[in-house]
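Have a look at structure.cif below; it lists mmCIF, C-alpha atoms.
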```cif
data_work
#
loop_
_atom_site.label_atom_id
_atom_site.label_comp_id
_atom_site.auth_asym_id
_atom_site.auth_seq_id
_atom_site.Cartn_x
_atom_site.Cartn_y
_atom_site.Cartn_z
CA MET A 1 15.48 147.59 -12.58
CA LYS A 2 13.35 150.11 -10.65
CA GLU A 3 15.11 152.96 -12.47
CA LYS A 4 14.30 151.32 -15.81
CA LEU A 5 10.64 151.00 -14.76
CA ILE A 6 10.55 154.71 -13.79
CA GLU A 7 12.04 155.62 -17.16
CA MET A 8 9.43 153.51 -18.98
CA ILE A 9 6.58 155.04 -16.95
CA LYS A 10 7.70 158.56 -17.84
CA GLU A 11 8.17 157.65 -21.49
CA LYS A 12 5.07 155.53 -22.11
CA ALA A 13 2.43 156.15 -19.43
CA LEU A 14 2.64 159.71 -18.09
CA LEU A 15 0.07 162.04 -19.67
CA THR A 16 -0.41 165.71 -18.83
CA GLY A 17 -3.60 167.77 -19.02
CA GLU A 18 -6.77 167.87 -16.94
CA PHE A 19 -8.05 164.53 -15.66
CA THR A 20 -10.64 163.20 -13.22
CA LEU A 21 -9.37 160.17 -11.32
CA ALA A 22 -11.40 157.14 -10.18
CA SER A 23 -11.35 158.69 -6.69
CA GLY A 24 -13.14 161.74 -8.12
CA ARG A 25 -10.12 163.97 -7.56
CA LYS A 26 -8.83 166.26 -10.30
CA SER A 27 -5.26 165.96 -11.52
CA SER A 28 -2.92 167.73 -13.94
CA TYR A 29 -1.42 164.37 -14.90
CA TYR A 30 -2.64 160.85 -15.56
CA LEU A 31 -0.69 157.63 -15.30
CA ASP A 32 -2.11 155.42 -18.04
CA LEU A 33 -0.51 152.18 -16.90
CA ARG A 34 -2.22 150.12 -19.59
CA ARG A 35 0.20 151.79 -22.00
CA LEU A 36 2.86 150.12 -19.90
CA THR A 37 1.36 146.79 -18.82
CA LEU A 38 0.25 146.05 -22.39
CA ASP A 39 3.72 146.74 -23.82
CA SER A 40 5.85 143.60 -24.22
CA LEU A 41 9.13 145.01 -22.86
CA ALA A 42 7.51 146.86 -19.98
CA ALA A 43 5.32 143.87 -19.10
CA ALA A 44 8.37 141.60 -19.02
CA LEU A 45 10.14 144.02 -16.67
CA ILE A 46 7.06 144.37 -14.44
CA GLY A 47 6.58 140.59 -14.25
CA LYS A 48 10.23 140.10 -13.30
CA LEU A 49 10.25 142.91 -10.73
CA ILE A 50 7.10 141.75 -8.99
CA PHE A 51 7.95 138.07 -9.03
CA GLU A 52 11.47 138.58 -7.73
CA ARG A 53 10.30 141.01 -5.06
CA TYR A 54 7.91 138.46 -3.58
CA GLU A 55 9.47 135.10 -4.40
CA ILE A 56 10.36 134.66 -0.71
CA LEU A 57 6.72 134.99 0.38
CA ASP A 58 4.56 131.91 0.85
CA TYR A 59 1.70 132.26 -1.64
CA ASP A 60 -0.29 130.25 -4.17
CA ALA A 61 -1.54 132.90 -6.60
CA PHE A 62 -1.34 136.44 -7.93
CA GLY A 63 -4.49 138.35 -8.76
CA GLY A 64 -6.25 141.67 -8.64
CA PRO A 65 -9.08 143.78 -9.92
CA ALA A 66 -10.32 143.49 -13.47
CA VAL A 67 -9.24 145.20 -15.74
CA GLY A 68 -6.06 146.87 -14.46
CA ALA A 69 -4.48 143.84 -12.83
CA VAL A 70 -5.13 141.34 -15.61
CA PRO A 71 -2.04 142.13 -17.74
CA ILE A 72 0.09 142.43 -14.58
CA VAL A 73 -1.02 138.99 -13.43
CA GLY A 74 -0.27 137.65 -16.91
CA ALA A 75 3.23 139.14 -16.81
CA VAL A 76 3.95 137.61 -13.39
CA LEU A 77 2.57 134.21 -14.45
CA ASN A 78 4.62 134.31 -17.64
CA HIS A 79 7.80 135.10 -15.70
CA ALA A 80 7.10 132.29 -13.21
CA GLY A 81 6.27 129.84 -15.98
CA THR A 82 9.45 130.54 -17.94
CA HIS A 83 11.34 129.61 -14.76
CA GLY A 84 9.39 126.37 -14.25
CA ILE A 85 7.40 127.67 -11.28
CA ASP A 86 3.76 126.63 -10.99
CA LEU A 87 1.67 129.65 -9.98
CA LYS A 88 -2.03 130.44 -10.27
CA GLY A 89 -3.66 133.69 -11.34
CA PHE A 90 -7.08 135.22 -10.80
CA PHE A 91 -9.01 138.44 -11.14
CA VAL A 92 -11.80 140.03 -9.18
CA ARG A 93 -14.82 141.45 -10.99
CA ARG A 94 -16.39 144.64 -9.62
CA GLU A 95 -19.65 142.74 -9.18
CA VAL A 96 -20.82 139.16 -9.24
CA LYS A 97 -21.31 137.98 -12.81
CA GLU A 98 -25.07 137.77 -13.54
CA HIS A 99 -24.81 134.83 -15.94
CA GLY A 100 -22.88 131.62 -16.50
CA THR A 101 -21.08 130.66 -13.29
CA ASN A 102 -22.16 133.78 -11.38
CA LYS A 103 -18.64 134.37 -10.10
CA GLN A 104 -16.90 137.48 -8.83
CA ILE A 105 -13.53 135.74 -8.50
CA GLU A 106 -12.31 134.25 -11.79
CA GLY A 107 -9.45 131.78 -12.00
CA PRO A 108 -8.28 128.51 -10.45
CA VAL A 109 -8.08 129.76 -6.85
CA GLU A 110 -9.83 128.13 -3.91
CA PRO A 111 -10.78 129.41 -0.47
CA GLY A 112 -7.72 129.16 1.78
CA ASP A 113 -5.21 129.96 -0.98
CA LYS A 114 -2.55 132.49 0.00
CA VAL A 115 -2.49 135.32 -2.54
CA VAL A 116 -0.77 138.53 -3.54
CA ILE A 117 -3.15 141.19 -4.88
CA VAL A 118 -1.71 143.52 -7.55
CA GLU A 119 -3.02 146.71 -9.18
CA ASP A 120 -1.60 149.19 -11.65
CA THR A 121 -2.09 152.49 -9.82
CA THR A 122 -4.02 153.88 -6.88
CA THR A 123 -4.85 157.24 -5.35
CA THR A 124 -6.93 156.55 -2.24
CA ALA A 125 -7.23 152.75 -2.70
CA GLY A 126 -11.04 152.81 -2.54
CA SER A 127 -11.56 150.36 -5.41
CA LEU A 128 -8.52 148.32 -4.37
CA ILE A 129 -9.96 147.84 -0.88
CA LYS A 130 -13.26 146.66 -2.41
CA CYS A 131 -11.32 144.15 -4.49
CA CYS A 132 -9.39 142.90 -1.45
CA ASP A 133 -12.57 142.68 0.61
CA ALA A 134 -14.22 140.57 -2.12
CA ALA A 135 -11.19 138.27 -2.26
CA ARG A 136 -11.20 137.96 1.53
CA TYR A 137 -14.96 137.25 1.54
CA PHE A 138 -14.35 134.49 -1.03
CA GLY A 139 -11.89 132.98 1.45
CA LEU A 140 -8.53 133.99 0.02
CA ASP A 141 -5.72 134.72 2.48
CA ILE A 142 -4.16 137.99 1.29
CA VAL A 143 -0.47 138.02 2.24
CA LYS A 144 0.45 141.23 0.39
CA VAL A 145 -1.12 143.97 -1.73
CA LEU A 146 1.10 145.67 -4.31
CA VAL A 147 0.55 148.52 -6.74
CA ILE A 148 2.89 149.56 -9.51
CA ILE A 149 2.35 153.28 -8.72
CA ASP A 150 1.05 154.91 -5.56
CA ARG A 151 -0.05 158.51 -6.14
CA LEU A 152 0.62 159.23 -2.42
CA GLU A 153 -2.86 160.58 -1.73
CA GLY A 154 -3.95 158.29 1.10
CA ALA A 155 -3.80 154.76 -0.33
CA LYS A 156 -1.13 153.49 2.06
CA GLU A 157 -2.97 154.72 5.13
CA ASN A 158 -6.35 153.51 3.88
CA MET A 159 -4.98 150.04 3.08
CA LYS A 160 -3.39 149.81 6.53
CA ASN A 161 -6.64 150.89 8.19
CA ALA A 162 -8.48 148.20 6.19
CA GLY A 163 -6.03 145.59 7.51
CA TYR A 164 -3.95 144.92 4.40
CA ASP A 165 -0.14 144.70 4.09
CA TYR A 166 0.47 147.21 1.29
CA ASP A 167 3.46 148.10 -0.86
CA ALA A 168 4.23 150.06 -4.04
CA LEU A 169 6.95 149.56 -6.64
CA VAL A 170 7.02 153.27 -7.49
CA THR A 171 5.46 156.44 -6.07
CA THR A 172 4.70 159.75 -7.72
CA GLU A 173 7.59 161.12 -5.67
CA ASP A 174 9.92 158.69 -7.49
CA LEU A 175 8.55 160.13 -10.74
CA GLY A 176 9.17 163.74 -9.65
CA LEU A 177 5.43 164.48 -9.58
CA LYS A 178 3.36 166.38 -6.98
#
```
Please, can you express the file's structure as structure tokens?
Amino acid sequence: MKEKLIEMIKEKALLTGEFTLASGRKSSYYLDLRRLTLDSLAAALIGKLIFERYEILDYDAFGGPAVGAVPIVGAVLNHAGTHGIDLKGFFVRREVKEHGTNKQIEGPVEPGDKVVIVEDTTTTAGSLIKCCDAARYFGLDIVKVLVIIDRLEGAKENMKNAGYDYDALVTTEDLGLK
């Protein structure tokens, strides 16, 4: 299944040109994972891969940063639901919402819940660490952090230094990039 995911990434999400990444770094390629996570066949594969990879972990919910993680969480929840497994989802806003419920964490999670944080892609993990820190501050117990693609530019080391158990489904090396 990983090989199929790599094929889909190359076909649907890999763009070439000149790009500025969220980290501020320049790149000759861009991995537009929303072209993948918002595609029905790719989303089904991603949901299955992630769910099956972590079904042995003890957790209550999947979540991650808005906007990138939202379709991933939906794919995982859909896969779990079609197999009769009750699982919660959530997302983390960049900032506390200034109206309504004034929440940063959206979804049916409660402090003390064990969670897996997911994200589409990361370079240095700066925004992913902020997301994890907000979830931890809320009281969530983060048992694993997973990205679909790690660009291999420091994310793994930065996540480890921040105290998070980090993993990636695919790296840029798997894609033949670098």
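Residues matching the PyMOL selection byres ((chain A and resi 3) around 12) in this structure come to Met1, Lys2, Lys4, Leu5, Ile6, Glu7, Met8, Ile9, Lys10, Leu45, Ile46, Leu49, Leu169, Val170, Asp174 and Leu175 of chain A.
Note that atom CA of A:Lys144 and atom CA of A:Thr20 are 28.1 Å apart.
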Chain and number of each residue from the PyMOL selection byres ((chain A and resi 107) around 10), as a ChimeraX atom specification: /A:61,63,88-92,103-106,108-110
Evaluate the PyMOL selection byres ((chain A and resi 31) around 12) and report residues as a ChimeraX atom specification: /A:6,8-17,19-22,27-30,32-37,120-123,148-151,170-172,175,177
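Note that the spacing between atom CA of A:Gly64 and atom CA of A:Ala125 amounts to 12.6 Å.
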